[in-house]
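K.L.:
Okay, so here is target28.tsv, and as you'll see once you scroll down, it has TSV, C-alpha atoms.
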```
chain	number	residue	atom	x	y	z
A	270	MET	CA	61.48	42.03	-17.80
A	271	LEU	CA	60.99	42.77	-21.52
A	272	GLU	CA	57.52	44.21	-20.91
A	273	ASN	CA	59.10	46.98	-18.84
A	274	PHE	CA	60.71	48.43	-21.95
A	275	SER	CA	58.87	50.81	-24.29
A	276	GLU	CA	59.23	51.11	-28.04
A	277	ILE	CA	61.49	53.98	-29.08
A	278	LYS	CA	59.81	56.09	-31.73
A	279	VAL	CA	62.11	58.09	-33.96
A	280	GLU	CA	60.66	61.32	-35.30
A	281	SER	CA	60.22	61.49	-39.05
A	282	PRO	CA	61.72	64.42	-41.01
A	283	VAL	CA	58.16	65.74	-41.54
A	284	ASP	CA	57.52	65.77	-37.77
A	285	MET	CA	60.85	67.49	-37.14
A	286	ILE	CA	60.09	70.20	-39.69
A	287	ILE	CA	56.66	70.77	-38.10
A	288	GLY	CA	58.38	70.97	-34.70
A	289	GLN	CA	60.82	73.62	-35.94
A	290	VAL	CA	58.03	75.70	-37.44
A	291	ARG	CA	56.14	75.46	-34.14
A	292	ALA	CA	59.18	76.59	-32.18
A	293	LEU	CA	59.74	79.58	-34.46
A	294	ILE	CA	56.08	80.65	-34.20
A	295	THR	CA	55.70	80.17	-30.46
A	296	SER	CA	58.98	81.99	-29.79
A	297	GLY	CA	57.82	84.94	-31.88
A	298	GLN	CA	60.54	84.58	-34.52
A	299	LEU	CA	57.77	83.88	-37.03
A	300	GLU	CA	54.69	86.07	-36.70
A	301	PRO	CA	51.33	86.15	-38.49
A	302	GLY	CA	51.86	87.33	-42.04
A	303	ASP	CA	55.56	86.40	-42.15
A	304	ARG	CA	56.55	84.52	-45.27
A	305	LEU	CA	58.41	81.23	-45.11
A	306	PRO	CA	61.44	80.60	-47.34
A	307	ALA	CA	60.96	78.71	-50.61
A	308	GLU	CA	60.76	74.89	-50.36
A	309	ARG	CA	64.13	74.47	-52.08
A	310	LYS	CA	65.91	76.82	-49.67
A	311	MET	CA	64.26	75.22	-46.63
A	312	ALA	CA	65.25	71.74	-47.85
A	313	GLU	CA	68.87	72.83	-48.32
A	314	LYS	CA	69.01	74.49	-44.90
A	315	LEU	CA	67.38	71.56	-43.07
A	316	GLY	CA	69.27	68.87	-44.97
A	317	VAL	CA	66.12	67.06	-46.06
A	318	SER	CA	64.34	66.50	-49.36
A	319	ARG	CA	61.90	68.97	-50.87
A	320	GLY	CA	59.27	66.24	-50.58
A	321	ASN	CA	59.66	66.23	-46.79
A	322	VAL	CA	59.37	70.03	-46.66
A	323	ARG	CA	56.33	69.98	-48.96
A	324	ALA	CA	54.57	67.30	-46.89
A	325	ALA	CA	55.14	69.23	-43.65
A	326	LEU	CA	53.94	72.53	-45.11
A	327	GLN	CA	50.89	70.86	-46.65
A	328	LYS	CA	49.89	69.43	-43.27
A	329	LEU	CA	50.36	72.77	-41.56
A	330	GLU	CA	48.37	74.52	-44.28
A	331	PHE	CA	45.53	72.01	-44.04
A	332	TYR	CA	45.23	72.75	-40.31
A	333	GLY	CA	45.19	76.49	-40.90
A	334	ILE	CA	48.59	77.15	-39.34
A	335	LEU	CA	50.03	78.31	-42.65
A	336	ARG	CA	48.37	79.87	-45.69
A	337	THR	CA	49.43	80.10	-49.33
A	338	LEU	CA	48.67	83.52	-50.78
A	339	PRO	CA	48.83	84.49	-54.46
A	340	GLN	CA	52.17	86.18	-55.24
A	341	SER	CA	53.15	86.02	-51.56
A	342	GLY	CA	54.01	82.35	-51.06
A	343	THR	CA	53.45	80.49	-47.80
A	344	VAL	CA	52.78	82.70	-44.79
A	345	VAL	CA	51.98	82.20	-41.12
A	346	ALA	CA	48.26	82.44	-40.35
A	347	GLY	CA	46.96	84.59	-37.48
A	348	LEU	CA	46.28	81.86	-34.92
A	349	GLY	CA	46.59	82.27	-31.18
A	350	ILE	CA	49.42	80.38	-29.46
A	351	THR	CA	47.09	78.09	-27.50
A	352	ALA	CA	45.14	77.10	-30.58
A	353	LEU	CA	48.39	76.65	-32.49
A	354	GLU	CA	49.82	74.28	-29.90
A	355	GLY	CA	46.68	72.16	-29.96
A	356	LEU	CA	46.58	72.03	-33.74
A	357	ILE	CA	50.22	71.04	-34.11
A	358	THR	CA	49.77	68.35	-31.48
A	359	ASP	CA	46.91	66.96	-33.55
A	360	VAL	CA	49.09	67.03	-36.67
A	361	LEU	CA	51.88	65.11	-34.97
A	362	GLN	CA	49.45	62.58	-33.54
A	363	LEU	CA	48.37	61.63	-37.04
A	364	GLU	CA	51.61	59.64	-37.17
A	365	GLU	CA	50.20	57.39	-34.44
A	366	SER	CA	47.16	56.34	-36.45
A	367	ASP	CA	46.96	52.60	-36.90
A	368	PHE	CA	48.03	51.25	-40.25
A	369	SER	CA	44.78	49.43	-41.07
A	370	SER	CA	42.66	52.52	-40.56
A	371	LEU	CA	45.01	54.61	-42.70
A	372	VAL	CA	44.84	52.10	-45.54
A	373	GLU	CA	41.07	51.85	-45.25
A	374	THR	CA	40.73	55.64	-45.40
A	375	ARG	CA	43.21	55.92	-48.24
A	376	ALA	CA	41.25	53.41	-50.33
A	377	MET	CA	38.02	55.38	-49.91
A	378	LEU	CA	39.67	58.67	-50.80
A	379	GLU	CA	41.71	57.40	-53.73
A	380	VAL	CA	38.79	55.65	-55.40
A	381	GLU	CA	36.87	58.92	-55.45
A	382	CYS	CA	39.98	60.85	-56.55
A	383	VAL	CA	40.64	58.71	-59.62
A	384	LYS	CA	36.97	58.58	-60.61
A	385	LEU	CA	36.72	62.37	-60.51
A	386	ALA	CA	40.12	62.71	-62.19
A	387	ALA	CA	38.90	60.54	-65.07
A	388	GLU	CA	35.93	62.86	-65.49
A	389	ARG	CA	37.62	66.21	-64.95
A	390	ARG	CA	41.30	65.93	-65.89
A	391	THR	CA	42.75	68.55	-68.18
A	392	ALA	CA	45.69	68.31	-70.57
A	393	GLU	CA	47.78	70.08	-67.92
A	394	ASP	CA	46.73	67.53	-65.29
A	395	LEU	CA	47.85	64.69	-67.57
A	396	MET	CA	51.23	66.36	-67.98
A	397	GLU	CA	51.65	66.64	-64.19
A	398	ILE	CA	50.66	63.00	-63.65
A	399	GLU	CA	53.05	61.90	-66.41
A	400	LYS	CA	55.85	63.96	-64.87
A	401	ALA	CA	55.28	62.37	-61.45
A	402	LEU	CA	55.15	58.91	-63.00
A	403	ALA	CA	58.39	59.52	-64.92
A	404	ALA	CA	60.16	60.57	-61.71
A	405	TYR	CA	58.91	57.40	-59.99
A	406	GLU	CA	60.04	55.22	-62.89
A	407	ASP	CA	63.51	56.78	-62.99
A	408	LYS	CA	64.04	56.08	-59.29
A	409	ILE	CA	62.95	52.44	-59.24
A	410	LYS	CA	64.72	51.56	-62.48
A	411	GLY	CA	67.84	53.07	-60.97
A	412	GLY	CA	67.46	50.75	-57.97
A	413	GLU	CA	66.64	53.60	-55.61
A	414	VAL	CA	63.85	53.98	-53.06
A	415	ALA	CA	60.96	55.90	-54.62
A	416	VAL	CA	58.84	56.69	-51.57
A	417	GLU	CA	58.52	60.42	-52.21
A	418	GLU	CA	57.94	59.93	-55.94
A	419	ASP	CA	55.15	57.47	-55.15
A	420	LEU	CA	53.59	60.05	-52.86
A	421	MET	CA	53.76	62.78	-55.48
A	422	PHE	CA	52.16	60.53	-58.11
A	423	HIS	CA	49.17	59.92	-55.87
A	424	LEU	CA	48.88	63.59	-54.96
A	425	SER	CA	48.88	64.45	-58.68
A	426	LEU	CA	45.83	62.19	-59.05
A	427	ALA	CA	44.13	64.03	-56.19
A	428	ASP	CA	44.97	67.36	-57.81
A	429	ALA	CA	43.36	66.22	-61.08
A	430	SER	CA	40.12	65.41	-59.23
A	431	LYS	CA	39.44	69.16	-58.92
A	432	ASN	CA	38.00	68.51	-55.45
A	433	GLY	CA	39.90	70.64	-52.96
A	434	VAL	CA	38.65	68.75	-49.90
A	435	LEU	CA	39.68	65.37	-51.28
A	436	LYS	CA	43.06	66.78	-52.21
A	437	SER	CA	43.56	68.28	-48.74
A	438	LEU	CA	42.65	65.02	-47.04
A	439	MET	CA	45.05	63.12	-49.28
A	440	MET	CA	47.78	65.64	-48.44
A	441	VAL	CA	47.27	64.92	-44.76
A	442	ILE	CA	47.20	61.12	-44.81
A	443	ALA	CA	49.44	60.29	-47.78
A	444	PRO	CA	52.74	60.96	-45.96
A	445	ASP	CA	51.57	58.77	-43.07
A	446	ILE	CA	50.62	55.98	-45.48
A	447	ILE	CA	53.99	56.08	-47.21
A	448	ALA	CA	55.85	56.18	-43.89
A	449	SER	CA	53.85	53.18	-42.71
A	450	HIS	CA	54.68	51.31	-45.91
A	451	THR	CA	58.35	51.81	-45.12
A	452	ARG	CA	57.97	50.87	-41.46
A	453	TYR	CA	56.11	47.66	-42.23
A	454	LYS	CA	58.31	46.91	-45.26
A	455	VAL	CA	55.26	46.60	-47.51
A	456	CYS	CA	57.26	47.72	-50.56
A	457	ASP	CA	60.35	46.07	-52.01
A	458	GLU	CA	62.02	46.08	-55.42
A	459	LYS	CA	59.58	43.51	-56.83
A	460	THR	CA	56.44	45.26	-55.57
A	461	GLU	CA	57.69	48.66	-56.72
A	462	LEU	CA	58.12	47.39	-60.28
A	463	LYS	CA	54.61	45.93	-60.11
A	464	ALA	CA	53.35	49.28	-58.78
A	465	LEU	CA	54.94	51.04	-61.77
A	466	PHE	CA	52.82	49.02	-64.19
A	467	GLU	CA	49.76	49.69	-62.05
A	468	HIS	CA	50.49	53.43	-62.05
A	469	GLN	CA	50.76	53.33	-65.83
A	470	GLU	CA	47.38	51.61	-66.05
A	471	ILE	CA	45.75	54.18	-63.75
A	472	LEU	CA	47.13	56.96	-65.94
A	473	ARG	CA	45.89	55.23	-69.10
A	474	GLN	CA	42.34	54.97	-67.75
A	475	ILE	CA	42.35	58.60	-66.63
A	476	ARG	CA	43.71	59.72	-69.99
A	477	GLU	CA	40.87	57.81	-71.72
A	478	GLN	CA	38.38	59.28	-69.23
A	479	ASN	CA	37.20	55.78	-68.36
A	480	VAL	CA	35.70	56.25	-64.87
A	481	ALA	CA	34.92	52.56	-64.27
A	482	GLY	CA	38.32	51.55	-65.61
A	483	ALA	CA	40.09	54.06	-63.36
A	484	GLU	CA	38.22	52.75	-60.32
A	485	GLU	CA	39.13	49.16	-61.19
A	486	ALA	CA	42.78	50.13	-61.74
A	487	ILE	CA	43.16	51.92	-58.37
A	488	LEU	CA	41.43	49.09	-56.49
A	489	GLY	CA	43.79	46.62	-58.11
A	490	HIS	CA	46.73	48.81	-57.20
A	491	LEU	CA	45.65	48.99	-53.55
A	492	LYS	CA	44.75	45.29	-53.20
A	493	ASP	CA	48.11	44.08	-51.88
A	494	VAL	CA	48.41	46.73	-49.19
A	495	THR	CA	44.72	46.37	-48.29
A	496	ASP	CA	45.13	42.60	-47.88
A	497	PHE	CA	48.25	43.15	-45.79
A	498	SER	CA	46.53	45.66	-43.51
A	499	GLU	CA	43.60	43.30	-43.03
A	500	SER	CA	46.01	40.56	-41.96
A	501	LEU	CA	47.39	42.92	-39.31
A	502	ARG	CA	43.87	43.76	-38.11
A	503	SER	CA	42.98	40.10	-37.70
A	504	ASN	CA	46.13	39.28	-35.71
```
How would this structure read if it were set down as structure tokens?
P.N.:
Amino acid sequence: MLENFSEIKVESPVDMIIGQVRALITSGQLEPGDRLPAERKMAEKLGVSRGNVRAALQKLEFYGILRTLPQSGTVVAGLGITALEGLITDVLQLEESDFSSLVETRAMLEVECVKLAAERRTAEDLMEIEKALAAYEDKIKGGEVAVEEDLMFHLSLADASKNGVLKSLMMVIAPDIIASHTRYKVCDEKTELKALFEHQEILRQIREQNVAGAEEAILGHLKDVTDFSESLRSN
């Protein structure tokens, strides 16, 4: 009898935001060229965090549904409704990707991100990485869940790589990785404290522009989750 039941999948806040944007565009309430409200205002209206809003908008921008224009903010791109529906379906289906493949892809992307970041980082990049790390540290030392802060730390590394394609790819898969970590309970208080020290080491290697050291640090940081994902693949 049990096999007749299906798993109930609850939509994530990111999926729900994407769904609302889709509904507004397809109903004509948002048209090409219309500007979306600021992240802070959207987060307040929707009752979610700014991190959720940012992740949703970044996915939609990567797929060409939204565009960020200088001095204009985030606007709706001029896509046809049929193409839009197909693209948003693809975005939502990213949540169904299997955990092992996501981790495998993340490892490949992040290794290249930190290597390039070690070569190309600027003083401003270091400040942004430090800011993201400080936010992560504050959360975990306060005994709170730091999922979004973890995400923003890793995106700050991608930003410092100065490779727009790598950064865009990380923007797309990072929220799915973090959501999967939560779903599979990969992270707990002990592992988050360990991750803090690993984040600090990654930053140190990037600050010193040690490419080999940065690669070693990120591989060490990803080892636990990579081992865990491999155990799922083999089962």
K.L.:
Of the candidates A:Glu308, A:Asp428, A:Glu467, A:Glu417, which shows the shortest atom-to-atom distance to Cys382 of chain A, using only C-alpha atoms?
P.N.:
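Result for the nearest residue to Cys382 of chain A: A:Asp428.
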K.L.:
Could you state the separation of atom CA of Arg390 of chain A and atom CA of Ala429 of chain A in Å, given to one decimal place?
P.N.:
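Distance between the two atoms: 5.2 Å.
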K.L.:
Which of these residues is nearest to Ala387 of chain A, using all atoms listed in the file: A:Leu293, A:Ile471, A:Leu435, A:Ala401?
P.N.:
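Among A:Leu293, A:Ile471, A:Leu435, A:Ala401, it is A:Ile471 that comes nearest to Ala387 of chain A.
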K.L.:
Give me, please, the distance in Å between atom CA of Arg336 of chain A and atom CA of Ala292 of chain A, quoted to one decimal.
P.N.:
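It comes out at 17.6 Å.
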K.L.:
May I ask for the distance between atom CA of Leu462 of chain A and atom CA of Ile409 of chain A, given in Å to one decimal place?
P.N.:
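These atoms are spaced 7.1 Å apart.
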K.L.:
Have a look at A:Asn321, A:Ser369, A:Gln289, A:Gln478 and name the one nearest to Lys384 of chain A; count all atoms listed in the file.
P.N.:
A:Gln478
K.L.:
Nearest residue to Ala483 of chain A out of A:Glu418, A:Glu399, A:Asp394, A:Glu388, using only C-alpha atoms?
P.N.:
A:Glu388
K.L.:
Looking at all atoms listed in the file, which of A:Glu397, A:Asp493, A:Asp303, A:Glu373 is the one that sits closest to Lys463 of chain A?
P.N.:
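So, comparing all the options, the nearest one is A:Asp493.
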K.L.:
Nearest residue to Gln340 of chain A out of A:Arg304, A:Asp407, A:Ala464, A:Ala376, using all atoms listed in the file?
P.N.:
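Among A:Arg304, A:Asp407, A:Ala464, A:Ala376, it is A:Arg304 that comes nearest to Gln340 of chain A.
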K.L.:
Would you kindly place N, CA and C atoms on segment 370-398 of chain A and return the model as a PDB file, keeping the file's coordinate frame?
P.N.:
```pdb
ATOM      1  N   SER A 370      43.608  51.425 -40.381  1.00  0.00           N
ATOM      2  CA  SER A 370      42.660  52.520 -40.560  1.00  0.00           C
ATOM      3  C   SER A 370      43.142  53.501 -41.627  1.00  0.00           C
ATOM      4  N   LEU A 371      44.459  53.738 -41.669  1.00  0.00           N
ATOM      5  CA  LEU A 371      45.010  54.610 -42.700  1.00  0.00           C
ATOM      6  C   LEU A 371      44.779  54.047 -44.090  1.00  0.00           C
ATOM      7  N   VAL A 372      45.029  52.741 -44.236  1.00  0.00           N
ATOM      8  CA  VAL A 372      44.840  52.100 -45.540  1.00  0.00           C
ATOM      9  C   VAL A 372      43.377  52.125 -45.938  1.00  0.00           C
ATOM     10  N   GLU A 373      42.507  51.852 -44.984  1.00  0.00           N
ATOM     11  CA  GLU A 373      41.070  51.850 -45.250  1.00  0.00           C
ATOM     12  C   GLU A 373      40.617  53.235 -45.716  1.00  0.00           C
ATOM     13  N   THR A 374      41.093  54.276 -45.038  1.00  0.00           N
ATOM     14  CA  THR A 374      40.730  55.640 -45.400  1.00  0.00           C
ATOM     15  C   THR A 374      41.325  56.023 -46.748  1.00  0.00           C
ATOM     16  N   ARG A 375      42.570  55.618 -46.955  1.00  0.00           N
ATOM     17  CA  ARG A 375      43.210  55.920 -48.240  1.00  0.00           C
ATOM     18  C   ARG A 375      42.424  55.324 -49.394  1.00  0.00           C
ATOM     19  N   ALA A 376      41.981  54.075 -49.245  1.00  0.00           N
ATOM     20  CA  ALA A 376      41.250  53.410 -50.330  1.00  0.00           C
ATOM     21  C   ALA A 376      39.980  54.193 -50.677  1.00  0.00           C
ATOM     22  N   MET A 377      39.256  54.629 -49.653  1.00  0.00           N
ATOM     23  CA  MET A 377      38.020  55.380 -49.910  1.00  0.00           C
ATOM     24  C   MET A 377      38.305  56.682 -50.635  1.00  0.00           C
ATOM     25  N   LEU A 378      39.342  57.392 -50.186  1.00  0.00           N
ATOM     26  CA  LEU A 378      39.670  58.670 -50.800  1.00  0.00           C
ATOM     27  C   LEU A 378      40.188  58.502 -52.223  1.00  0.00           C
ATOM     28  N   GLU A 379      41.078  57.544 -52.411  1.00  0.00           N
ATOM     29  CA  GLU A 379      41.710  57.400 -53.730  1.00  0.00           C
ATOM     30  C   GLU A 379      40.737  56.924 -54.792  1.00  0.00           C
ATOM     31  N   VAL A 380      39.793  56.081 -54.425  1.00  0.00           N
ATOM     32  CA  VAL A 380      38.790  55.650 -55.400  1.00  0.00           C
ATOM     33  C   VAL A 380      38.027  56.859 -55.926  1.00  0.00           C
ATOM     34  N   GLU A 381      37.607  57.726 -55.015  1.00  0.00           N
ATOM     35  CA  GLU A 381      36.870  58.920 -55.450  1.00  0.00           C
ATOM     36  C   GLU A 381      37.773  59.867 -56.244  1.00  0.00           C
ATOM     37  N   CYS A 382      39.044  59.975 -55.830  1.00  0.00           N
ATOM     38  CA  CYS A 382      39.980  60.850 -56.550  1.00  0.00           C
ATOM     39  C   CYS A 382      40.131  60.435 -58.001  1.00  0.00           C
ATOM     40  N   VAL A 383      40.377  59.142 -58.242  1.00  0.00           N
ATOM     41  CA  VAL A 383      40.640  58.710 -59.620  1.00  0.00           C
ATOM     42  C   VAL A 383      39.365  58.760 -60.463  1.00  0.00           C
ATOM     43  N   LYS A 384      38.215  58.493 -59.854  1.00  0.00           N
ATOM     44  CA  LYS A 384      36.970  58.580 -60.610  1.00  0.00           C
ATOM     45  C   LYS A 384      36.719  60.018 -61.064  1.00  0.00           C
ATOM     46  N   LEU A 385      36.912  60.959 -60.151  1.00  0.00           N
ATOM     47  CA  LEU A 385      36.720  62.370 -60.510  1.00  0.00           C
ATOM     48  C   LEU A 385      37.811  62.837 -61.482  1.00  0.00           C
ATOM     49  N   ALA A 386      39.032  62.339 -61.285  1.00  0.00           N
ATOM     50  CA  ALA A 386      40.120  62.710 -62.190  1.00  0.00           C
ATOM     51  C   ALA A 386      39.829  62.250 -63.611  1.00  0.00           C
ATOM     52  N   ALA A 387      39.245  61.046 -63.740  1.00  0.00           N
ATOM     53  CA  ALA A 387      38.900  60.540 -65.070  1.00  0.00           C
ATOM     54  C   ALA A 387      37.845  61.419 -65.736  1.00  0.00           C
ATOM     55  N   GLU A 388      36.977  61.988 -64.947  1.00  0.00           N
ATOM     56  CA  GLU A 388      35.930  62.860 -65.490  1.00  0.00           C
ATOM     57  C   GLU A 388      36.455  64.262 -65.798  1.00  0.00           C
ATOM     58  N   ARG A 389      37.312  64.785 -64.931  1.00  0.00           N
ATOM     59  CA  ARG A 389      37.620  66.210 -64.950  1.00  0.00           C
ATOM     60  C   ARG A 389      39.024  66.573 -65.401  1.00  0.00           C
ATOM     61  N   ARG A 390      39.893  65.615 -65.613  1.00  0.00           N
ATOM     62  CA  ARG A 390      41.300  65.930 -65.890  1.00  0.00           C
ATOM     63  C   ARG A 390      41.440  66.809 -67.120  1.00  0.00           C
ATOM     64  N   THR A 391      42.426  67.682 -67.051  1.00  0.00           N
ATOM     65  CA  THR A 391      42.750  68.550 -68.180  1.00  0.00           C
ATOM     66  C   THR A 391      44.056  68.060 -68.814  1.00  0.00           C
ATOM     67  N   ALA A 392      44.425  68.655 -69.924  1.00  0.00           N
ATOM     68  CA  ALA A 392      45.690  68.310 -70.570  1.00  0.00           C
ATOM     69  C   ALA A 392      46.860  68.625 -69.632  1.00  0.00           C
ATOM     70  N   GLU A 393      46.729  69.719 -68.880  1.00  0.00           N
ATOM     71  CA  GLU A 393      47.780  70.080 -67.920  1.00  0.00           C
ATOM     72  C   GLU A 393      47.883  69.059 -66.805  1.00  0.00           C
ATOM     73  N   ASP A 394      46.725  68.559 -66.331  1.00  0.00           N
ATOM     74  CA  ASP A 394      46.730  67.530 -65.290  1.00  0.00           C
ATOM     75  C   ASP A 394      47.466  66.290 -65.781  1.00  0.00           C
ATOM     76  N   LEU A 395      47.188  65.871 -67.008  1.00  0.00           N
ATOM     77  CA  LEU A 395      47.850  64.690 -67.570  1.00  0.00           C
ATOM     78  C   LEU A 395      49.355  64.880 -67.611  1.00  0.00           C
ATOM     79  N   MET A 396      49.790  66.075 -67.943  1.00  0.00           N
ATOM     80  CA  MET A 396      51.230  66.360 -67.980  1.00  0.00           C
ATOM     81  C   MET A 396      51.842  66.229 -66.590  1.00  0.00           C
ATOM     82  N   GLU A 397      51.135  66.710 -65.569  1.00  0.00           N
ATOM     83  CA  GLU A 397      51.650  66.640 -64.190  1.00  0.00           C
ATOM     84  C   GLU A 397      51.694  65.191 -63.707  1.00  0.00           C
ATOM     85  N   ILE A 398      50.672  64.408 -64.040  1.00  0.00           N
ATOM     86  CA  ILE A 398      50.660  63.000 -63.650  1.00  0.00           C
ATOM     87  C   ILE A 398      51.795  62.257 -64.353  1.00  0.00           C
TER      88      ILE A 398
END
```
